[in-house]
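Here's entry23.tsv, which has TSV, C-alpha atoms:
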chain	number	residue	atom	x	y	z
E	1	MET	CA	49.50	95.66	-8.41
E	2	ALA	CA	51.43	94.28	-11.40
E	3	THR	CA	52.50	90.66	-11.26
E	4	ALA	CA	56.23	90.00	-11.52
E	5	PRO	CA	57.24	88.03	-14.64
E	6	VAL	CA	57.95	84.35	-14.07
E	7	LEU	CA	60.39	84.20	-16.99
E	8	THR	CA	62.99	86.50	-18.48
E	9	TYR	CA	64.54	86.58	-21.96
E	10	GLU	CA	67.91	88.22	-22.53
E	11	VAL	CA	70.22	88.04	-25.55
E	12	ASP	CA	73.90	88.33	-24.62
E	13	ASP	CA	76.27	88.40	-27.61
E	14	GLY	CA	74.16	86.03	-29.69
E	15	VAL	CA	73.14	83.80	-26.76
E	16	ALA	CA	69.51	83.89	-25.57
E	17	TRP	CA	69.24	83.31	-21.82
E	18	VAL	CA	65.80	82.13	-20.74
E	19	THR	CA	65.48	82.18	-16.94
E	20	ILE	CA	62.67	80.66	-14.90
E	21	ASP	CA	62.16	83.31	-12.22
E	22	ARG	CA	60.21	81.72	-9.35
E	23	PRO	CA	62.99	81.16	-6.81
E	24	GLU	CA	60.52	81.30	-3.93
E	25	ALA	CA	58.85	78.18	-5.42
E	26	ARG	CA	62.13	76.56	-6.49
E	27	ASN	CA	61.28	77.57	-10.07
E	28	ALA	CA	58.47	75.02	-10.23
E	29	LEU	CA	56.51	74.62	-13.45
E	30	ASN	CA	53.15	76.21	-12.82
E	31	ALA	CA	50.80	77.10	-15.69
E	32	ALA	CA	52.34	80.54	-16.19
E	33	VAL	CA	55.87	79.11	-16.47
E	34	ARG	CA	54.85	76.34	-18.84
E	35	SER	CA	52.97	78.71	-21.13
E	36	GLY	CA	55.77	81.26	-20.95
E	37	LEU	CA	58.40	78.69	-21.89
E	38	PHE	CA	56.50	77.81	-25.06
E	39	ASP	CA	56.22	81.52	-25.92
E	40	LEU	CA	59.90	82.25	-25.31
E	41	VAL	CA	61.11	79.24	-27.29
E	42	HIS	CA	59.00	80.45	-30.22
E	43	ARG	CA	60.58	83.88	-29.70
E	44	PHE	CA	64.05	82.33	-29.77
E	45	ASN	CA	63.24	80.36	-32.92
E	46	ALA	CA	62.28	83.61	-34.68
E	47	ASP	CA	65.14	85.68	-33.25
E	48	ASP	CA	67.87	85.98	-35.88
E	49	ASP	CA	70.18	87.63	-33.34
E	50	ALA	CA	70.05	84.57	-31.06
E	51	LYS	CA	72.15	81.60	-32.19
E	52	VAL	CA	72.03	79.46	-29.03
E	53	LEU	CA	69.43	79.16	-26.26
E	54	VAL	CA	70.47	78.73	-22.62
E	55	LEU	CA	67.81	77.67	-20.13
E	56	THR	CA	68.42	78.27	-16.43
E	57	GLY	CA	66.68	79.11	-13.15
E	58	ALA	CA	66.84	82.13	-10.87
E	59	GLY	CA	68.74	81.91	-7.61
E	60	ASP	CA	71.23	79.26	-6.52
E	61	LYS	CA	68.92	76.61	-5.05
E	62	ALA	CA	66.96	75.26	-8.01
E	63	PHE	CA	67.15	75.00	-11.77
E	64	CYS	CA	63.59	73.70	-11.64
E	65	ALA	CA	62.06	71.47	-8.96
E	66	GLY	CA	59.50	70.06	-11.39
E	67	GLY	CA	55.76	70.48	-11.63
E	68	ASP	CA	53.96	72.68	-9.14
E	69	LEU	CA	52.48	69.98	-6.89
E	70	LYS	CA	50.25	72.49	-5.11
E	71	GLU	CA	48.73	73.50	-8.43
E	72	MET	CA	48.39	69.85	-9.45
E	73	SER	CA	46.53	69.13	-6.22
E	74	GLU	CA	44.20	72.08	-6.73
E	75	THR	CA	43.40	71.05	-10.31
E	76	SER	CA	43.34	67.28	-9.59
E	77	LEU	CA	45.57	66.78	-12.61
E	78	ARG	CA	45.48	63.23	-13.93
E	79	VAL	CA	47.03	62.51	-17.35
E	80	PRO	CA	48.91	65.62	-18.52
E	81	PRO	CA	48.07	66.64	-22.11
E	82	PRO	CA	50.80	66.29	-24.77
E	83	ASP	CA	51.51	70.02	-24.63
E	84	PHE	CA	51.55	70.22	-20.82
E	85	ALA	CA	55.21	71.31	-20.77
E	86	PRO	CA	57.69	72.03	-23.57
E	87	GLN	CA	59.68	69.01	-24.70
E	88	PHE	CA	62.25	70.16	-27.23
E	89	GLY	CA	62.11	67.95	-30.31
E	90	ARG	CA	58.78	66.40	-29.34
E	91	ASN	CA	56.05	69.01	-28.93
E	92	ILE	CA	58.11	72.02	-29.99
E	93	GLU	CA	60.89	72.03	-32.56
E	94	VAL	CA	64.10	73.92	-31.86
E	95	ALA	CA	66.52	73.76	-34.77
E	96	LYS	CA	69.21	75.85	-33.09
E	97	PRO	CA	71.35	74.51	-30.22
E	98	THR	CA	70.11	74.51	-26.63
E	99	ILE	CA	72.03	74.33	-23.34
E	100	ALA	CA	70.75	73.80	-19.81
E	101	ALA	CA	72.71	75.74	-17.19
E	102	VAL	CA	71.70	73.80	-14.08
E	103	ASN	CA	72.13	75.94	-10.99
E	104	GLY	CA	70.58	73.66	-8.35
E	105	VAL	CA	68.00	70.87	-8.18
E	106	ALA	CA	66.67	69.55	-11.50
E	107	PHE	CA	63.91	67.22	-10.36
E	108	ALA	CA	60.98	65.69	-12.26
E	109	GLY	CA	59.91	68.32	-14.82
E	110	GLY	CA	63.19	70.11	-14.20
E	111	PHE	CA	65.01	66.91	-15.11
E	112	LEU	CA	62.84	66.81	-18.25
E	113	LEU	CA	63.91	70.33	-19.26
E	114	ALA	CA	67.60	69.53	-18.79
E	115	GLN	CA	67.26	66.16	-20.53
E	116	GLN	CA	65.73	67.75	-23.63
E	117	CYS	CA	68.51	70.33	-24.06
E	118	ASP	CA	71.40	69.44	-26.35
E	119	LEU	CA	74.10	70.17	-23.75
E	120	VAL	CA	74.08	70.44	-19.97
E	121	VAL	CA	76.47	72.47	-17.81
E	122	ALA	CA	75.95	72.00	-14.08
E	123	ALA	CA	77.06	73.81	-10.96
E	124	GLU	CA	78.92	71.58	-8.49
E	125	HIS	CA	75.99	71.59	-6.06
E	126	ALA	CA	73.37	70.68	-8.71
E	127	THR	CA	71.40	67.45	-8.34
E	128	PHE	CA	69.25	65.53	-10.80
E	129	ALA	CA	66.33	63.20	-10.12
E	130	VAL	CA	63.20	61.73	-11.65
E	131	THR	CA	61.13	61.72	-8.46
E	132	GLU	CA	57.82	60.55	-9.92
E	133	ALA	CA	58.02	57.11	-8.30
E	134	LYS	CA	58.11	58.83	-4.89
E	135	VAL	CA	54.89	60.80	-5.45
E	136	GLY	CA	52.91	58.33	-7.57
E	137	ARG	CA	53.18	60.34	-10.78
E	138	GLY	CA	54.33	59.33	-14.26
E	139	ALA	CA	57.33	60.11	-16.45
E	140	PRO	CA	56.52	59.13	-20.06
E	141	TRP	CA	58.84	61.93	-21.11
E	142	ALA	CA	61.75	59.82	-19.80
E	143	ALA	CA	61.59	57.57	-22.87
E	144	PRO	CA	64.87	59.02	-24.29
E	145	LEU	CA	66.81	58.16	-21.13
E	146	SER	CA	67.88	54.71	-22.32
E	147	TRP	CA	69.35	56.40	-25.43
E	148	LEU	CA	71.12	59.12	-23.45
E	149	LEU	CA	72.34	56.84	-20.65
E	150	PRO	CA	73.21	53.17	-20.10
E	151	PRO	CA	69.87	51.37	-19.58
E	152	ARG	CA	70.78	50.16	-16.08
E	153	VAL	CA	71.55	53.73	-15.02
E	154	ALA	CA	68.25	54.91	-16.50
E	155	LEU	CA	66.38	52.16	-14.66
E	156	GLN	CA	67.97	53.07	-11.33
E	157	ILE	CA	67.11	56.74	-11.80
E	158	LEU	CA	63.48	55.96	-12.66
E	159	MET	CA	62.78	53.19	-10.16
E	160	THR	CA	64.47	54.62	-7.07
E	161	GLY	CA	63.73	58.31	-7.59
E	162	ASP	CA	67.02	59.01	-5.84
E	163	PRO	CA	69.05	62.05	-6.90
E	164	LEU	CA	72.35	62.05	-8.76
E	165	THR	CA	75.06	64.50	-7.86
E	166	ALA	CA	76.34	66.74	-10.61
E	167	GLU	CA	79.58	64.76	-10.78
E	168	ARG	CA	77.75	61.43	-11.02
E	169	ALA	CA	75.53	62.89	-13.74
E	170	ARG	CA	78.68	63.87	-15.62
E	171	GLU	CA	80.17	60.39	-15.17
E	172	VAL	CA	77.15	58.68	-16.74
E	173	GLY	CA	76.88	61.18	-19.60
E	174	LEU	CA	73.87	63.26	-18.60
E	175	VAL	CA	76.03	66.36	-18.00
E	176	ASN	CA	78.81	67.74	-20.20
E	177	GLU	CA	80.68	69.81	-17.62
E	178	VAL	CA	80.56	70.50	-13.88
E	179	VAL	CA	81.83	73.88	-12.71
E	180	PRO	CA	81.84	75.97	-9.52
E	181	ALA	CA	78.54	77.80	-9.08
E	182	SER	CA	80.29	81.14	-9.46
E	183	GLU	CA	81.48	80.12	-12.93
E	184	LEU	CA	78.24	78.60	-14.26
E	185	ARG	CA	77.10	81.66	-16.20
E	186	SER	CA	80.53	82.51	-17.65
E	187	ARG	CA	81.41	78.94	-18.66
E	188	THR	CA	78.01	78.30	-20.22
E	189	GLN	CA	78.24	81.59	-22.11
E	190	GLN	CA	81.72	80.63	-23.30
E	191	ILE	CA	80.51	77.29	-24.68
E	192	ALA	CA	77.47	78.93	-26.27
E	193	ARG	CA	79.65	81.54	-27.93
E	194	ARG	CA	81.98	78.85	-29.30
E	195	ILE	CA	78.94	77.29	-30.96
E	196	ALA	CA	77.49	80.62	-32.09
E	197	THR	CA	80.65	81.59	-33.95
E	198	ASN	CA	80.57	78.42	-36.07
E	199	ALA	CA	78.77	78.07	-39.40
E	200	PRO	CA	75.08	77.98	-38.45
E	201	LEU	CA	74.00	75.54	-41.16
E	202	SER	CA	76.71	73.09	-40.11
E	203	VAL	CA	75.78	73.42	-36.44
E	204	MET	CA	72.08	72.78	-37.06
E	205	ALA	CA	72.83	69.88	-39.40
E	206	ALA	CA	75.13	68.37	-36.76
E	207	LYS	CA	72.34	68.55	-34.20
E	208	ARG	CA	69.89	66.78	-36.52
E	209	THR	CA	72.48	64.13	-37.39
E	210	VAL	CA	73.20	63.16	-33.79
E	211	TYR	CA	69.52	62.56	-33.04
E	212	LEU	CA	69.04	60.33	-36.11
E	213	SER	CA	70.35	57.23	-34.35
E	214	ALA	CA	67.66	57.57	-31.68
E	215	ARG	CA	64.93	57.14	-34.27
E	216	HIS	CA	66.35	55.15	-37.18
E	217	THR	CA	68.48	52.14	-38.06
E	218	LEU	CA	72.10	52.87	-38.92
E	219	ASP	CA	71.52	52.43	-42.67
E	220	GLU	CA	68.55	54.78	-42.55
E	221	ALA	CA	70.54	57.28	-40.49
E	222	TYR	CA	73.33	57.36	-43.08
E	223	ASP	CA	70.85	58.01	-45.91
E	224	LEU	CA	69.06	60.73	-43.96
E	225	ALA	CA	72.37	62.30	-42.96
E	226	ASP	CA	73.30	62.59	-46.64
E	227	GLU	CA	70.05	64.49	-47.20
E	228	ILE	CA	70.64	66.72	-44.19
E	229	TRP	CA	74.19	67.66	-45.18
E	230	GLU	CA	73.77	68.10	-48.96
E	231	PRO	CA	72.34	71.65	-48.69
E	232	VAL	CA	75.17	72.52	-46.29
E	233	TYR	CA	77.75	71.47	-48.88
E	234	LEU	CA	75.89	73.48	-51.53
E	235	SER	CA	75.58	76.62	-49.40
E	236	ASP	CA	77.45	79.90	-49.76
E	237	ASP	CA	78.90	79.28	-46.29
E	238	ALA	CA	80.60	76.10	-47.54
E	239	GLN	CA	82.60	78.30	-49.93
E	240	GLU	CA	83.12	81.08	-47.39
E	241	GLY	CA	84.86	78.79	-44.87
E	242	PRO	CA	87.75	77.71	-47.12
E	243	ALA	CA	88.00	81.20	-48.63
E	244	ALA	CA	88.34	82.77	-45.18
E	245	PHE	CA	90.94	80.18	-44.19
E	246	ALA	CA	92.97	80.88	-47.33
E	247	ALA	CA	92.75	84.64	-46.74
E	248	LYS	CA	93.64	84.22	-43.05
E	249	ARG	CA	90.54	86.10	-41.90
E	250	ALA	CA	87.49	85.31	-39.82
E	251	PRO	CA	84.63	83.82	-41.85
E	252	GLU	CA	81.48	85.84	-42.39
E	253	TRP	CA	78.63	83.36	-42.16
E	254	LYS	CA	75.40	84.11	-44.02
E	255	GLY	CA	73.44	81.02	-43.03
E	256	ARG	CA	72.70	80.23	-46.64

Produce structure tokens that represent the structure in this file.
Amino acid sequence: MATAPVLTYEVDDGVAWVTIDRPEARNALNAAVRSGLFDLVHRFNADDDAKVLVLTGAGDKAFCAGGDLKEMSETSLRVPPPDFAPQFGRNIEVAKPTIAAVNGVAFAGGFLLAQQCDLVVAAEHATFAVTEAKVGRGAPWAAPLSWLLPPRVALQILMTGDPLTAERAREVGLVNEVVPASELRSRTQQIARRIATNAPLSVMAAKRTVYLSARHTLDEAYDLADEIWEPVYLSDDAQEGPAAFAAKRAPEWKGR
């Protein structure tokens, strides 16, 4: 009997929707999901028809409940290898924008996946937690939290393991928007399409620029930003934008 896929990949009007499809296991990250996520992100990177990636989970209970603890127990997992799960910008590069559409619990490894996306849109009932302190596991992947959030908020999340509501996550800056569950897909698609219709070189350069301050001093960030944006200024698209504005027509981006 054929095994049902644990992930799906669908391109909707320039937006690639990657869905973890293990609702019976709260979309936990077993080996098949982790490997499949790497494969589908590589597919997205190579897909010229996909301008934005949206990551979500099947069902309405869980975005991703984290690592598959049953599998971890069976394999006696100790220190996870560097490529244990995809960490955008760390062990797999994603130049194009990414959005997490969080449709339920985002705990542990699920929190990781949402954290590593560029934007997060959450359903009203979604919750976020780094639960490792409750099960004696580790969260080295949480290193960016004190850049994304106020340090005292990051410390509370990590040391208590207690969940944040979607609204609290929005208040502290982890989430961009909170919407009714019935509107999660449509609102996330709307945001992704707004991004996808912009000049792709500018969008990708903007993404790289924002992350500079997490890794460099301000002076270094300015110098690197100049390098990032110079080819954008020199591109055909940089001439197309003003020309389209003057002609009162929609721009036709070439990405070069």

Contacts of region 78-80 of chain E at 9 Å (all atoms listed in the file; same-chain gap of 4+ positions) as a PyMOL selection string:
chain E and resi 72+84-85+137-138

Next on the checklist: If we count all atoms listed in the file and set the cut-off at 10 Å, which residues sit around region 144-155 of chain E, ignoring sequence neighbours fewer than 6 positions away in its own chain? Please answer as a ChimeraX atom specification.
Outcome noted: /E:112,115-116,130,161,169,172-174,211,213-215

Applying 9 Å and all atoms listed in the file, which residues near Val18 (chain E) remain after dropping the ones on its own chain fewer than 3 positions away? List them as a short mmCIF file (atom, residue, chain, number, x, y, z; two decimals) with C-alpha atoms, keeping the file's coordinate frame.
data_model
loop_
_atom_site.label_atom_id
_atom_site.label_comp_id
_atom_site.auth_asym_id
_atom_site.auth_seq_id
_atom_site.Cartn_x
_atom_site.Cartn_y
_atom_site.Cartn_z
CA LEU E 7 60.39 84.20 -16.99
CA THR E 8 62.99 86.50 -18.48
CA TYR E 9 64.54 86.58 -21.96
CA GLU E 10 67.91 88.22 -22.53
CA VAL E 11 70.22 88.04 -25.55
CA LEU E 37 58.40 78.69 -21.89
CA LEU E 40 59.90 82.25 -25.31
CA VAL E 41 61.11 79.24 -27.29
CA LEU E 53 69.43 79.16 -26.26
CA VAL E 54 70.47 78.73 -22.62
CA LEU E 55 67.81 77.67 -20.13
CA THR E 56 68.42 78.27 -16.43
CA GLY E 57 66.68 79.11 -13.15
#

So which one's closest to Pro81 (chain E), E:Phe44, E:Trp141, E:Phe107, E:Trp253? Using all atoms listed in the file, please.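 Comparing E:Phe44, E:Trp141, E:Phe107, E:Trp253 against Pro81 (chain E), the winner is E:Trp141.
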
In Å and to one decimal, CA of Gly59 (chain E) is distant from CA of Glu167 (chain E) by 20.5 Å

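Using only C-alpha atoms, the smallest distance between any of E:Gln87, E:Ser35, E:Ala205, E:Val135 and Glu227 (chain E) comes from E:Ala205.
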
Need the shell around Val33 (chain E): protein/DNA/RNA residues with any atom at most 10 Å away, counting only C-alpha atoms. Skip same-chain ones fewer than 6 positions apart. Format as an MDAnalysis selection string? chainID E and resid 5:7 20:22 27 39 67:68 85

Give me a file of those residues, with C-alpha atoms, as a CSV table (one decimal), keeping the file's coordinate frame.
chain,number,residue,atom,x,y,z
E,5,PRO,CA,57.2,88.0,-14.6
E,6,VAL,CA,58.0,84.4,-14.1
E,7,LEU,CA,60.4,84.2,-17.0
E,20,ILE,CA,62.7,80.7,-14.9
E,21,ASP,CA,62.2,83.3,-12.2
E,22,ARG,CA,60.2,81.7,-9.4
E,27,ASN,CA,61.3,77.6,-10.1
E,39,ASP,CA,56.2,81.5,-25.9
E,67,GLY,CA,55.8,70.5,-11.6
E,68,ASP,CA,54.0,72.7,-9.1
E,85,ALA,CA,55.2,71.3,-20.8

Set the distance at 6 Å and use only C-alpha atoms: which residues neighbour region 94-104 of chain E once local chain neighbours fewer than 4 positions away are removed? I'd like the list as a PyMOL selection string. chain E and resi 52-56+60-63+114+117-123+126+204

The distance between CA of Glu93 (chain E) and CA of Val232 (chain E) is 19.8 Å

Restricting to all atoms listed in the file, whichever of E:Ile191, E:Leu29, E:Ser182, E:Ser202 is closest to Leu113 (chain E) is E:Leu29

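Atom to atom, CA of Thr188 (chain E) and CA of Lys248 (chain E) stand 28.3 Å apart.
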
Select, counting only C-alpha atoms, all protein, DNA and RNA residues no farther than 9 Å from (81.8, 75.2, -7.5) in file coordinates, and express the selection as a list of chain:residue names.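 Applying the cut-off with only C-alpha atoms, one gets E:Ala123, E:Glu124, E:His125, E:Val178, E:Val179, E:Pro180, E:Ala181, E:Ser182, E:Glu183, E:Leu184.
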
Across E:Gly14, E:Gly36, E:Pro242, E:Pro82, the smallest distance to Ala196 (chain E), with all atoms listed in the file counted, is shown by E:Gly14

Q.
Counting all atoms listed in the file, which residue out of E:Ala65, E:Ala225, E:Met159, E:Ala206 sits closest to Ala142 (chain E)?
A.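 Nearest candidate to Ala142 (chain E) out of E:Ala65, E:Ala225, E:Met159, E:Ala206: E:Met159.
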
- Residue nearest Arg168 (chain E) - candidates E:Gln239, E:Phe128, E:Ala32, E:Val15, atoms counted: all atoms listed in the file: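 For Arg168 (chain E), the nearest of the candidates is E:Phe128.
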